[in-house]
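Pasting structure33.txt here (compact mmCIF, C-alpha atoms and all ligand atoms):
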```
# COMPACT_ATOMS: atom_id res chain seq x y z
CA MET A 25 102.64 101.40 38.09
CA THR A 26 102.03 100.19 34.56
CA ASP A 27 104.04 102.61 32.52
CA LYS A 28 107.32 104.37 33.28
CA THR A 29 105.91 107.85 32.82
CA GLN A 30 103.15 107.27 35.37
CA LYS A 31 103.86 108.39 38.93
CA LYS A 32 103.52 105.89 41.75
CA SER A 33 100.49 106.84 43.82
CA LEU A 34 100.97 106.54 47.59
CA THR A 35 98.94 106.33 50.76
CA ILE A 36 100.97 107.13 53.86
CA LEU A 37 99.39 105.83 57.05
CA GLY A 38 100.92 107.69 59.99
CA SER A 39 102.16 110.60 57.88
CA THR A 40 102.75 112.86 60.91
CA GLY A 41 105.01 110.37 62.69
CA SER A 42 108.71 109.73 62.34
CA ILE A 43 108.25 107.15 59.57
CA GLY A 44 105.64 109.31 57.83
CA ARG A 45 107.77 112.46 57.90
CA ASN A 46 110.83 110.59 56.63
CA THR A 47 108.71 109.06 53.85
CA LEU A 48 107.48 112.50 52.80
CA ASP A 49 111.07 113.76 52.87
CA VAL A 50 111.99 111.07 50.31
CA VAL A 51 108.84 111.70 48.25
CA ALA A 52 109.53 115.45 48.12
CA ARG A 53 112.91 114.76 46.52
CA PHE A 54 111.33 112.84 43.62
CA PRO A 55 108.21 114.73 42.55
CA ASP A 56 108.42 113.22 39.07
CA ARG A 57 108.17 109.66 40.49
CA TYR A 58 105.65 109.83 43.32
CA GLN A 59 102.34 111.47 44.08
CA VAL A 60 100.52 111.30 47.37
CA HIS A 61 96.94 110.08 47.11
CA ALA A 62 96.23 109.97 50.84
CA LEU A 63 97.75 110.98 54.15
CA ALA A 64 96.47 109.52 57.42
CA ALA A 65 97.10 110.39 61.06
CA HIS A 66 95.46 110.25 64.46
CA SER A 67 95.03 113.85 65.63
CA ASN A 68 98.04 116.05 64.82
CA VAL A 69 96.00 118.50 62.77
CA GLU A 70 98.59 121.26 62.58
CA LEU A 71 101.24 119.09 60.95
CA LEU A 72 98.74 117.22 58.81
CA ALA A 73 97.37 120.51 57.48
CA ARG A 74 100.89 121.58 56.48
CA GLN A 75 101.48 118.22 54.80
CA VAL A 76 98.18 118.55 52.93
CA GLU A 77 99.22 121.99 51.70
CA ALA A 78 102.63 120.72 50.59
CA PHE A 79 101.56 117.45 48.94
CA ARG A 80 97.94 118.18 47.89
CA PRO A 81 96.59 114.65 48.43
CA ALA A 82 93.10 113.72 47.25
CA VAL A 83 92.34 112.37 50.73
CA ALA A 84 93.34 113.11 54.34
CA ALA A 85 92.14 110.55 56.87
CA VAL A 86 92.08 111.65 60.51
CA TYR A 87 91.20 108.84 62.90
CA ASP A 88 89.89 111.09 65.66
CA PRO A 89 86.56 112.67 64.55
CA GLU A 90 87.09 115.87 66.54
CA ALA A 91 90.51 116.33 64.98
CA ALA A 92 88.97 115.68 61.54
CA GLN A 93 86.51 118.48 62.25
CA ARG A 94 89.36 120.79 63.27
CA LEU A 95 91.13 120.00 60.00
CA ARG A 96 87.97 120.85 58.04
CA GLU A 97 87.68 124.15 59.90
CA ARG A 98 91.33 124.93 59.34
CA LYS A 99 90.72 124.69 55.56
CA PRO A 100 94.21 123.78 54.31
CA ARG A 101 95.20 125.82 51.24
CA GLY A 102 94.59 123.98 47.97
CA GLY A 103 91.09 123.07 49.08
CA ARG A 104 90.54 119.88 47.11
CA THR A 105 91.35 117.31 49.80
CA ALA A 106 88.48 115.12 51.03
CA ILE A 107 88.67 114.66 54.80
CA LEU A 108 87.70 111.23 56.09
CA THR A 109 87.60 109.96 59.64
CA GLY A 110 87.53 106.86 61.85
CA MET A 111 88.73 103.38 60.96
CA GLU A 112 86.59 103.47 57.79
CA GLY A 113 88.51 106.55 56.69
CA LEU A 114 91.86 104.82 57.20
CA VAL A 115 90.67 101.73 55.33
CA GLU A 116 89.29 103.81 52.46
CA ALA A 117 92.61 105.68 52.20
CA ALA A 118 94.52 102.37 52.17
CA THR A 119 92.38 100.64 49.55
CA ALA A 120 91.45 103.36 47.03
CA PRO A 121 91.70 101.91 43.50
CA GLU A 122 94.17 104.60 42.34
CA VAL A 123 96.67 103.74 45.13
CA HIS A 124 99.64 101.59 44.16
CA HIS A 125 101.75 101.63 47.33
CA VAL A 126 100.71 101.92 50.98
CA VAL A 127 103.21 102.83 53.70
CA ALA A 128 102.04 101.24 56.97
CA GLY A 129 103.58 103.78 59.35
CA ILE A 130 101.00 103.97 62.12
CA VAL A 131 102.27 103.02 65.56
CA GLY A 132 100.59 100.10 67.34
CA ALA A 133 97.90 97.51 66.84
CA VAL A 134 95.44 100.13 65.62
CA GLY A 135 97.28 99.99 62.28
CA LEU A 136 96.27 96.37 61.65
CA GLN A 137 92.93 96.91 59.95
CA PRO A 138 94.07 99.41 57.30
CA ALA A 139 97.27 97.45 56.63
CA TYR A 140 95.35 94.20 56.26
CA ALA A 141 92.77 95.91 54.03
CA ALA A 142 95.58 97.21 51.80
CA VAL A 143 96.99 93.68 51.53
CA ALA A 144 93.54 92.25 50.76
CA ALA A 145 93.19 94.89 48.03
CA GLY A 146 96.41 93.65 46.42
CA LYS A 147 98.53 96.76 47.08
CA GLU A 148 102.26 97.00 47.47
CA VAL A 149 102.54 97.50 51.26
CA SER A 150 105.64 98.72 53.09
CA ILE A 151 105.61 97.47 56.67
CA ALA A 152 107.11 99.80 59.26
CA ASN A 153 104.20 99.23 61.69
CA LYS A 154 105.73 96.04 63.16
CA GLU A 155 102.87 95.53 65.62
CA VAL A 156 100.75 94.51 62.61
CA MET A 157 103.07 91.57 61.92
CA VAL A 158 103.26 90.68 65.61
CA LEU A 159 99.48 90.52 65.85
CA ALA A 160 98.71 88.86 62.55
CA GLY A 161 101.89 88.10 60.61
CA GLU A 162 100.68 84.75 59.32
CA LEU A 163 97.35 86.20 58.17
CA MET A 164 99.10 89.09 56.44
CA VAL A 165 101.47 86.82 54.56
CA ASN A 166 98.73 84.36 53.56
CA ARG A 167 96.39 87.14 52.45
CA ALA A 168 99.17 88.72 50.39
CA ARG A 169 99.76 85.39 48.67
CA GLU A 170 96.06 85.17 47.76
CA SER A 171 95.59 88.77 46.66
CA GLY A 172 98.93 89.23 44.89
CA ALA A 173 99.89 92.02 47.30
CA ARG A 174 103.58 92.58 47.89
CA LEU A 175 104.88 93.05 51.43
CA LEU A 176 108.02 95.16 51.59
CA PRO A 177 109.92 95.26 54.91
CA MET A 178 110.58 98.89 55.86
CA ASP A 179 111.86 98.33 59.40
CA SER A 180 115.62 98.87 58.96
CA GLU A 181 116.69 95.38 60.11
CA HIS A 182 114.09 93.60 57.99
CA ASN A 183 114.82 95.81 55.05
CA ALA A 184 118.48 94.82 55.45
CA VAL A 185 117.57 91.11 55.44
CA PHE A 186 115.32 91.68 52.42
CA GLN A 187 118.21 93.30 50.56
CA CYS A 188 120.69 90.56 51.55
CA LEU A 189 118.28 87.79 50.56
CA ASN A 190 117.72 89.36 47.18
CA GLY A 191 114.97 86.83 46.47
CA ALA A 192 116.75 83.72 47.83
CA ALA A 193 114.39 80.95 48.97
CA PRO A 194 114.24 80.01 52.71
CA GLU A 195 115.99 76.68 52.04
CA GLN A 196 119.09 78.58 50.83
CA VAL A 197 119.31 80.37 54.15
CA ARG A 198 120.87 78.88 57.28
CA ARG A 199 119.80 81.78 59.49
CA ILE A 200 119.36 85.49 59.67
CA VAL A 201 120.81 87.74 62.35
CA LEU A 202 119.11 90.98 63.32
CA THR A 203 121.22 93.61 65.01
CA ALA A 204 120.24 95.69 68.04
CA SER A 205 121.85 98.94 69.16
CA GLY A 206 121.28 98.18 72.84
CA GLY A 207 119.46 101.47 73.40
CA PRO A 208 120.36 104.18 75.89
CA PHE A 209 121.12 101.86 78.82
CA ARG A 210 123.53 99.44 77.23
CA ASP A 211 126.37 100.60 79.50
CA LEU A 212 124.45 101.76 82.55
CA PRO A 213 125.27 99.68 85.65
CA LEU A 214 122.23 97.55 86.52
CA ARG A 215 122.14 98.97 90.06
CA ARG A 216 121.34 102.38 88.53
CA PHE A 217 118.31 101.15 86.54
CA PRO A 218 115.82 102.11 89.31
CA ALA A 219 116.85 105.77 88.90
CA ILE A 220 116.33 105.92 85.11
CA THR A 221 114.27 108.97 84.12
CA LYS A 222 111.76 109.17 81.28
CA GLU A 223 113.94 111.76 79.53
CA GLN A 224 116.87 109.30 79.56
CA ALA A 225 114.67 106.47 78.28
CA LEU A 226 113.43 108.67 75.42
CA LYS A 227 116.97 109.52 74.28
CA HIS A 228 118.02 106.81 71.84
CA PRO A 229 121.75 106.94 71.13
CA ASN A 230 121.58 106.13 67.39
CA TRP A 231 118.05 106.61 65.99
CA SER A 232 115.45 109.37 66.14
CA MET A 233 112.03 107.69 66.40
CA GLY A 234 108.58 108.05 67.95
CA PRO A 235 108.20 107.64 71.74
CA LYS A 236 106.69 104.13 71.81
CA ILE A 237 109.40 102.44 69.75
CA THR A 238 112.06 104.43 71.62
CA ILE A 239 110.87 103.01 74.95
CA ASP A 240 110.60 99.55 73.36
CA SER A 241 114.23 99.95 72.25
CA ALA A 242 115.30 100.83 75.79
CA THR A 243 113.65 97.66 77.18
CA MET A 244 114.65 95.81 73.98
CA LEU A 245 111.18 94.37 73.72
CA ASN A 246 111.37 96.04 70.31
CA LYS A 247 113.95 93.50 69.16
CA GLY A 248 111.74 90.66 70.31
CA LEU A 249 108.85 92.11 68.32
CA GLU A 250 111.22 92.28 65.37
CA VAL A 251 112.08 88.58 65.69
CA ILE A 252 108.34 87.83 65.51
CA GLU A 253 108.01 90.17 62.53
CA ALA A 254 110.94 88.45 60.79
CA ARG A 255 109.49 85.00 61.48
CA TRP A 256 106.51 85.86 59.24
CA LEU A 257 108.10 88.20 56.72
CA PHE A 258 110.82 85.71 55.84
CA GLY A 259 109.04 82.42 56.62
CA LEU A 260 111.79 81.21 58.97
CA PRO A 261 111.31 79.31 62.24
CA PRO A 262 112.42 81.17 65.39
CA GLU A 263 115.54 79.01 65.86
CA ARG A 264 116.87 80.36 62.54
CA ILE A 265 116.53 83.99 63.63
CA GLY A 266 119.38 85.29 65.78
CA VAL A 267 120.02 88.67 67.35
CA LEU A 268 123.33 90.37 68.14
CA MET A 269 123.93 93.61 69.93
CA HIS A 270 125.82 95.99 67.65
CA ARG A 271 126.25 99.36 69.27
CA GLN A 272 127.29 101.29 66.15
CA SER A 273 124.01 100.55 64.23
CA ILE A 274 125.94 100.35 60.96
CA VAL A 275 125.37 96.68 60.10
CA HIS A 276 121.56 96.60 59.99
CA SER A 277 121.33 92.79 59.73
CA LEU A 278 123.01 89.73 58.22
CA VAL A 279 122.00 86.62 56.32
CA GLU A 280 124.02 83.41 56.60
CA PHE A 281 123.48 81.16 53.60
CA VAL A 282 123.76 77.36 53.60
CA ASP A 283 127.17 77.50 51.86
CA GLY A 284 128.65 79.57 54.72
CA SER A 285 128.50 82.93 52.95
CA VAL A 286 127.35 85.74 55.20
CA ILE A 287 125.94 88.84 53.55
CA ALA A 288 125.30 91.97 55.56
CA GLN A 289 123.70 95.29 54.71
CA LEU A 290 125.46 98.40 56.01
CA GLY A 291 124.56 102.06 56.14
CA LEU A 292 124.30 105.03 58.44
CA PRO A 293 121.29 104.86 60.77
CA ASP A 294 118.89 106.89 58.64
CA MET A 295 115.39 105.53 57.94
CA ARG A 296 115.26 107.33 54.59
CA THR A 297 117.46 104.59 53.10
CA PRO A 298 115.11 101.64 53.85
CA ILE A 299 112.14 103.87 53.01
CA ALA A 300 113.64 104.71 49.61
CA CYS A 301 114.46 101.03 49.07
CA CYS A 302 110.79 100.11 49.59
CA LEU A 303 109.30 102.97 47.59
CA ALA A 304 111.50 102.34 44.58
CA HIS A 305 111.69 98.54 44.67
CA PRO A 306 113.08 96.95 42.53
CA GLN A 307 114.82 100.17 41.38
CA ARG A 308 117.12 102.35 43.51
CA LEU A 309 116.62 106.04 44.17
CA PRO A 310 119.68 108.31 43.91
CA LEU A 311 119.31 109.67 47.43
CA GLU A 312 121.75 112.37 48.51
CA LEU A 313 122.36 111.60 52.18
CA PRO A 314 125.49 111.67 54.36
CA ARG A 315 127.72 108.78 53.25
CA LEU A 316 128.99 105.90 55.32
CA ASP A 317 132.70 106.33 56.06
CA LEU A 318 133.93 103.08 57.64
CA ALA A 319 137.42 104.42 58.27
CA GLU A 320 135.92 107.20 60.35
CA ILE A 321 133.73 104.74 62.26
CA GLY A 322 136.79 102.59 62.84
CA LYS A 323 135.31 99.51 64.46
CA LEU A 324 132.15 97.44 64.38
CA GLU A 325 131.40 95.50 67.56
CA PHE A 326 129.00 92.61 68.20
CA GLU A 327 127.88 91.15 71.53
CA GLU A 328 125.33 88.67 72.85
CA ILE A 329 122.10 90.05 74.33
CA SER A 330 122.23 90.26 78.13
CA GLN A 331 119.31 88.56 79.87
CA ASP A 332 119.65 90.73 83.00
CA ARG A 333 119.71 93.98 81.10
CA TYR A 334 117.01 93.24 78.53
CA PRO A 335 114.29 90.99 79.99
CA GLY A 336 111.77 92.48 77.53
CA PHE A 337 113.54 90.85 74.61
CA PHE A 338 113.29 87.39 76.16
CA LEU A 339 109.60 87.87 77.05
CA ALA A 340 108.80 88.43 73.37
CA LEU A 341 110.76 85.30 72.40
CA GLU A 342 108.72 83.38 74.96
CA ALA A 343 105.47 84.69 73.44
CA LEU A 344 106.67 83.56 70.00
CA ARG A 345 107.55 80.13 71.38
CA LEU A 346 104.07 79.78 72.90
CA GLY A 347 102.60 80.79 69.53
CA GLY A 348 98.94 81.39 68.63
CA GLY A 349 97.66 84.71 69.97
CA MET A 350 100.38 85.03 72.63
CA PRO A 351 102.50 87.54 70.68
CA ALA A 352 99.38 89.66 70.08
CA ALA A 353 98.49 89.48 73.77
CA LEU A 354 102.00 90.49 74.83
CA ASN A 355 101.91 93.30 72.30
CA GLY A 356 98.62 94.62 73.68
CA ALA A 357 99.97 94.46 77.21
CA ASN A 358 103.15 96.25 76.15
CA GLU A 359 101.26 99.03 74.40
CA ALA A 360 99.20 99.61 77.54
CA VAL A 361 102.23 99.49 79.83
CA VAL A 362 104.34 101.82 77.69
CA ALA A 363 101.46 104.32 77.39
CA ALA A 364 101.13 104.30 81.20
CA TYR A 365 104.91 104.70 81.59
CA LEU A 366 104.88 107.68 79.21
CA ASP A 367 102.09 109.07 81.37
CA ASP A 368 104.47 108.92 84.38
CA ALA A 369 102.57 106.10 86.10
CA PHE A 370 105.65 104.23 87.40
CA PRO A 371 109.45 103.89 87.03
CA PHE A 372 111.16 102.38 83.98
CA THR A 373 111.96 99.07 85.69
CA GLU A 374 108.23 98.43 86.23
CA ILE A 375 107.70 98.03 82.46
CA ALA A 376 109.52 94.70 82.30
CA ALA A 377 108.28 93.69 85.75
CA ILE A 378 104.62 94.09 84.71
CA LEU A 379 105.18 92.39 81.35
CA LYS A 380 106.87 89.47 83.10
CA ARG A 381 103.76 89.00 85.26
CA VAL A 382 101.57 89.22 82.15
CA MET A 383 103.66 86.55 80.42
CA ASP A 384 103.48 84.31 83.51
CA GLN A 385 99.69 84.55 83.33
CA LEU A 386 99.67 83.97 79.58
CA ALA A 387 101.97 80.96 79.87
CA ALA A 388 99.45 79.36 82.22
CA VAL A 389 96.50 79.96 79.87
CA PRO A 390 96.83 77.09 77.35
CA LEU A 391 96.64 74.61 80.22
CA ALA A 392 93.56 76.19 81.73
CA GLU A 393 90.07 74.85 81.09
CA GLY A 394 88.19 76.89 78.50
CA ALA A 395 91.16 78.99 77.37
CA PRO A 396 90.06 81.58 74.82
CA PRO A 397 90.46 80.05 71.31
CA PHE A 398 92.11 83.22 69.93
CA LEU A 399 95.04 82.62 72.28
CA ARG A 400 95.58 79.17 70.83
CA HIS A 401 95.21 80.17 67.20
CA VAL A 402 94.77 83.45 65.31
CA ALA A 403 92.43 82.53 62.46
CA THR A 404 91.07 86.00 61.66
CA VAL A 405 91.91 89.66 62.14
CA ASP A 406 89.22 89.77 64.82
CA ASP A 407 91.04 86.99 66.68
CA ALA A 408 94.26 89.02 66.57
CA VAL A 409 92.45 92.08 67.93
CA ARG A 410 90.80 89.98 70.68
CA ALA A 411 94.15 88.52 71.71
CA ASP A 412 95.67 92.02 71.80
CA GLN A 413 92.73 93.20 73.96
CA PHE A 414 93.13 90.20 76.25
CA GLY A 415 96.74 91.23 76.91
CA ARG A 416 95.67 94.83 77.58
CA GLY A 417 93.13 93.51 80.08
CA LEU A 418 95.78 91.51 81.95
CA ALA A 419 98.08 94.52 81.99
CA ALA A 420 95.39 96.95 83.18
CA ALA A 421 95.10 95.46 86.66
CA LEU A 422 98.88 95.31 87.08
CA ILE A 423 99.26 98.89 85.85
CA GLU A 424 96.79 100.04 88.48
CA GLN A 425 98.74 98.20 91.19
CA ALA A 426 102.02 99.76 90.04
CA ARG A 427 100.58 103.28 89.58
CA GLY A 428 101.95 105.60 92.16
CA THR A 429 105.25 103.74 92.62
CA PRO A 430 107.63 106.73 92.99
CA CYS A 431 109.34 107.58 89.66
N1 LIG B 1 110.60 105.73 63.69
C1 LIG B 1 111.39 104.83 63.16
O1 LIG B 1 112.52 105.13 62.78
C2 LIG B 1 110.91 103.41 63.00
C3 LIG B 1 111.81 102.45 62.52
C4 LIG B 1 111.35 101.16 62.31
C5 LIG B 1 110.04 100.84 62.58
N2 LIG B 1 109.19 101.80 63.07
C6 LIG B 1 107.80 101.42 63.35
O2 LIG B 1 106.96 102.28 62.59
C7 LIG B 1 105.77 102.57 63.33
C8 LIG B 1 105.66 104.08 63.48
O3 LIG B 1 106.71 104.52 64.32
P1 LIG B 1 107.05 106.06 64.48
O4 LIG B 1 108.36 106.11 65.19
O5 LIG B 1 106.93 106.75 63.16
O6 LIG B 1 105.89 106.53 65.47
P2 LIG B 1 105.41 108.01 65.80
O7 LIG B 1 106.47 108.99 65.45
O8 LIG B 1 104.89 107.99 67.19
O9 LIG B 1 104.20 108.23 64.77
C9 LIG B 1 103.03 107.47 64.85
C10 LIG B 1 102.11 107.83 63.71
O10 LIG B 1 100.93 107.01 63.82
C11 LIG B 1 99.79 107.86 63.80
N3 LIG B 1 98.71 107.22 64.52
C12 LIG B 1 98.68 106.78 65.80
N4 LIG B 1 97.47 106.27 66.08
C13 LIG B 1 96.72 106.39 64.97
C14 LIG B 1 95.39 106.09 64.63
N5 LIG B 1 94.54 105.56 65.53
N6 LIG B 1 94.97 106.36 63.38
C15 LIG B 1 95.78 106.92 62.48
N7 LIG B 1 97.05 107.25 62.74
C16 LIG B 1 97.51 106.98 63.96
C17 LIG B 1 100.26 109.15 64.47
O11 LIG B 1 99.36 110.23 64.18
P3 LIG B 1 99.38 111.58 65.13
O12 LIG B 1 100.70 112.23 64.89
O13 LIG B 1 98.23 112.36 64.63
O14 LIG B 1 99.23 111.10 66.55
C18 LIG B 1 101.62 109.29 63.77
O15 LIG B 1 101.45 109.76 62.47
C19 LIG B 1 105.90 101.82 64.66
O16 LIG B 1 105.25 100.60 64.56
C20 LIG B 1 107.39 101.60 64.80
O17 LIG B 1 107.69 100.46 65.56
C21 LIG B 1 109.61 103.06 63.28
```
Transcribe the structure of this file into structure tokens.
Ligand SMILES: NC(=O)c1ccc[n+]([C@@H]2O[C@H](COP(=O)([O-])OP(=O)(O)OC[C@H]3O[C@@H](n4cnc5c(N)ncnc54)[C@H](OP(=O)(O)O)[C@@H]3O)[C@@H](O)[C@H]2O)c1
Amino acid sequence: MTDKTQKKSLTILGSTGSIGRNTLDVVARFPDRYQVHALAAHSNVELLARQVEAFRPAVAAVYDPEAAQRLRERKPRGGRTAILTGMEGLVEAATAPEVHHVVAGIVGAVGLQPAYAAVAAGKEVSIANKEVMVLAGELMVNRARESGARLLPMDSEHNAVFQCLNGAAPEQVRRIVLTASGGPFRDLPLRRFPAITKEQALKHPNWSMGPKITIDSATMLNKGLEVIEARWLFGLPPERIGVLMHRQSIVHSLVEFVDGSVIAQLGLPDMRTPIACCLAHPQRLPLELPRLDLAEIGKLEFEEISQDRYPGFFLALEALRLGGGMPAALNGANEAVVAAYLDDAFPFTEIAAILKRVMDQLAAVPLAEGAPPFLRHVATVDDAVRADQFGRGLAAALIEQARGTPC
């Protein structure tokens, strides 16, 4: 945005999802500050059509060609929106010259190409789609440095760190600590894990989010992915990134500086706050939301992460330790396993069991003759995608074996 009277022009990738809908909620409150250039989704035509009618974007990108055709036939009122499709459509929406800010709110690795294209085009890019940073965090950060793009952390924990850092250099930071709610099973006796139902796993105690991240929160693989995301967003080695369980989800993360000061960011668990922080950066939006009342909350508790309860978290740390394309491979495997779980293929406990076997296989790879180079080093976006696919391939056979285990 060059002049104060000009509105910031936005592309929202994943507009029909939880992040997308919350972003549009914030945008709708400030019509004098933001205009929507493009909305993008996979196939939820009904909601996308309503969003098109409400926000009148120049472009709607629908990844699935059949859904794009349905949107054309539905003829959203207003009539001026160009309807694009496929990966090219997402990339075009993310890189249009008139776009200033791109919200990367797609779920999964499929969001990498448009997010990377937005970075290469020098946009301001808000990163909610953490899988992008897990697959190709180093590439994203390096490309942003070259193009002048700005990466803004929208994930609540990373946004909290971003706010606490307030521009401080990595050498001023001793470590950062991400917080984790513990998900729906933080108090469930371990012996009852085999009986967990999908409905229970999809019921997060503190946050309302899409199904994939909600399952990742229940296994806590999500927090491991967030450590990987933080490693690249903040340029810190893994040993300077800690995690604490904090069941109230009020302290979103903390930064410990080299002089012993610890700065935390607090707020109610509502994604509209980090979203507003990213959209308005470096300004603040006067957002009327329920206020944090610490006296009412009473106490804030912190605990170590239990290895028995949350094996998914430790698998992601292992992938980060192995480096190269291992995080991308684990991510691909996890996406495949969670999709199968949501499709009722097997019980909840199989998710971590399958991923453990995938990680065992991955850990053996660097020693093997002729190991795929993309697992050793991710030099390009294609490498990241190949590593992700490799992990999906390993998971596929194990998913088939587990399919049919009584839920
Ligand atoms: N929800 C949260 O509070 C939260 C917080 C922090 C981080 N995140 C991260 O933000 C990302 C989005 O999460 P979410 O909870 O918003 O997920 P969600 O509710 O499941 O929404 C996913 C969005 O991605 C779109 N999408 C999926 N595949 C696509 C494709 N091939 N092309 C274009 N669009 C595609 C979906 O479109 P359709 O609706 O058409 O399928 C939908 O708009 C995830 O990476 C998550 O980890 C979310």
Using all atoms listed in the file, find each residue with an atom at most 8 Å away from ligand LIG 1 (chain B) and format the answer as a short mmCIF file (atom, residue, chain, number, x, y, z; two decimals) with C-alpha atoms, in the frame of the given file.
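Generated output (result_22.cif):
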```
data_model
loop_
_atom_site.label_atom_id
_atom_site.label_comp_id
_atom_site.auth_asym_id
_atom_site.auth_seq_id
_atom_site.Cartn_x
_atom_site.Cartn_y
_atom_site.Cartn_z
CA LEU A 37 99.39 105.83 57.05
CA GLY A 38 100.92 107.69 59.99
CA SER A 39 102.16 110.60 57.88
CA THR A 40 102.75 112.86 60.91
CA GLY A 41 105.01 110.37 62.69
CA SER A 42 108.71 109.73 62.34
CA ILE A 43 108.25 107.15 59.57
CA GLY A 44 105.64 109.31 57.83
CA ARG A 45 107.77 112.46 57.90
CA ALA A 64 96.47 109.52 57.42
CA ALA A 65 97.10 110.39 61.06
CA HIS A 66 95.46 110.25 64.46
CA SER A 67 95.03 113.85 65.63
CA ASN A 68 98.04 116.05 64.82
CA VAL A 69 96.00 118.50 62.77
CA LEU A 71 101.24 119.09 60.95
CA LEU A 72 98.74 117.22 58.81
CA ALA A 85 92.14 110.55 56.87
CA VAL A 86 92.08 111.65 60.51
CA TYR A 87 91.20 108.84 62.90
CA ASP A 88 89.89 111.09 65.66
CA GLY A 110 87.53 106.86 61.85
CA MET A 111 88.73 103.38 60.96
CA LEU A 114 91.86 104.82 57.20
CA ALA A 128 102.04 101.24 56.97
CA GLY A 129 103.58 103.78 59.35
CA ILE A 130 101.00 103.97 62.12
CA VAL A 131 102.27 103.02 65.56
CA GLY A 132 100.59 100.10 67.34
CA VAL A 134 95.44 100.13 65.62
CA GLY A 135 97.28 99.99 62.28
CA ILE A 151 105.61 97.47 56.67
CA ALA A 152 107.11 99.80 59.26
CA ASN A 153 104.20 99.23 61.69
CA LYS A 154 105.73 96.04 63.16
CA GLU A 155 102.87 95.53 65.62
CA VAL A 156 100.75 94.51 62.61
CA MET A 178 110.58 98.89 55.86
CA ASP A 179 111.86 98.33 59.40
CA SER A 180 115.62 98.87 58.96
CA TRP A 231 118.05 106.61 65.99
CA SER A 232 115.45 109.37 66.14
CA MET A 233 112.03 107.69 66.40
CA GLY A 234 108.58 108.05 67.95
CA PRO A 235 108.20 107.64 71.74
CA LYS A 236 106.69 104.13 71.81
CA ILE A 237 109.40 102.44 69.75
CA THR A 238 112.06 104.43 71.62
CA ASN A 246 111.37 96.04 70.31
CA ASP A 294 118.89 106.89 58.64
CA MET A 295 115.39 105.53 57.94
#
```
At a cut-off of 12 Å from (92.1, 82.6, 62.6) in the coordinates of the file, what residues are picked up using all atoms listed in the file, written as a PyMOL selection string? chain A and resi 159-164+166-167+348-349+397-411
Expressed in Å to a single decimal, how great is the separation between CA of Val50 in chain A and CA of Leu257 in chain A? 24.1 Å
Can you pull out the residues contacting Ala52 in chain A? Cut-off 12 Å, using all atoms listed in the file, and skip same-chain residues under 4 positions away; I want them as a ChimeraX atom specification. /A:45-48,56-60,75,78-80,296,300,311
Residue among A:Gly336, A:Leu341, A:Gly322, A:Ser171 lying closest to Ala377 in chain A, counting all atoms listed in the file: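 Checking each of A:Gly336, A:Leu341, A:Gly322, A:Ser171 against Ala377 in chain A, counting all atoms listed in the file, the winner is A:Gly336.
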Neighbouring residues of Glu170 in chain A were defined as those with any atom within 12 Å, considering only C-alpha atoms; residues of the same chain fewer than 6 positions away were excluded. Please report them as an NGL selection string. :A and (143-147 or 163-164)
Please provide the set of residues having any atom within 12 Å of Asp367 in chain A, restricted to only C-alpha atoms, with same-chain residues fewer than 2 positions apart removed, written as an MDAnalysis selection string. chainID A and resid 222 235:236 360:365 369:372 423 427:428 431
In Å, with one decimal, what is the gap from CA of Phe281 in chain A to CA of Pro351 in chain A? 27.8 Å
Counting only C-alpha atoms, which residues have an atom no more than 10 Å from (121.6, 106.9, 60.6) in the file's coordinates? Please list them as a short mmCIF file (atom, residue, chain, number, x, y, z; two decimals) with C-alpha atoms, in the frame of the given file.
```
data_model
loop_
_atom_site.label_atom_id
_atom_site.label_comp_id
_atom_site.auth_asym_id
_atom_site.auth_seq_id
_atom_site.Cartn_x
_atom_site.Cartn_y
_atom_site.Cartn_z
CA ASN A 230 121.58 106.13 67.39
CA TRP A 231 118.05 106.61 65.99
CA SER A 232 115.45 109.37 66.14
CA GLN A 272 127.29 101.29 66.15
CA SER A 273 124.01 100.55 64.23
CA ILE A 274 125.94 100.35 60.96
CA GLY A 291 124.56 102.06 56.14
CA LEU A 292 124.30 105.03 58.44
CA PRO A 293 121.29 104.86 60.77
CA ASP A 294 118.89 106.89 58.64
CA MET A 295 115.39 105.53 57.94
CA ARG A 296 115.26 107.33 54.59
CA THR A 297 117.46 104.59 53.10
CA LEU A 313 122.36 111.60 52.18
CA PRO A 314 125.49 111.67 54.36
CA ARG A 315 127.72 108.78 53.25
CA LEU A 316 128.99 105.90 55.32
#
```
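Residues within 7 Å of Leu95 in chain A, counting only C-alpha atoms and excluding same-chain residues fewer than 3 positions away, are Val69, Ala73, Ala91, Ala92, Arg98 and Lys99 of chain A.
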Okay, now the selection with C-alpha atoms, as a PDB file, in the frame of the given file?
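part-v4.pdb, written as the output of this step:
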```
ATOM      1  CA  VAL A  69      96.000 118.500  62.770  1.00  0.00           C
ATOM      2  CA  ALA A  73      97.370 120.510  57.480  1.00  0.00           C
ATOM      3  CA  ALA A  91      90.510 116.330  64.980  1.00  0.00           C
ATOM      4  CA  ALA A  92      88.970 115.680  61.540  1.00  0.00           C
ATOM      5  CA  ARG A  98      91.330 124.930  59.340  1.00  0.00           C
ATOM      6  CA  LYS A  99      90.720 124.690  55.560  1.00  0.00           C
TER       7      LYS A  99
END
```
Extract, using only C-alpha atoms, all DNA, RNA and protein residues at most 12 Å from Thr221 in chain A, discarding same-chain residues fewer than 3 positions from it, and format them as number ranges by chain. A: 208-209, 216-218, 224-227, 239, 242, 365-366, 368, 370-373, 430-431
Give me, please, the distance in Å between CA of Pro229 in chain A and CA of Leu339 in chain A, quoted to one decimal.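 Atom-to-atom, CA of Pro229 in chain A to CA of Leu339 in chain A, that is 23.4 Å.
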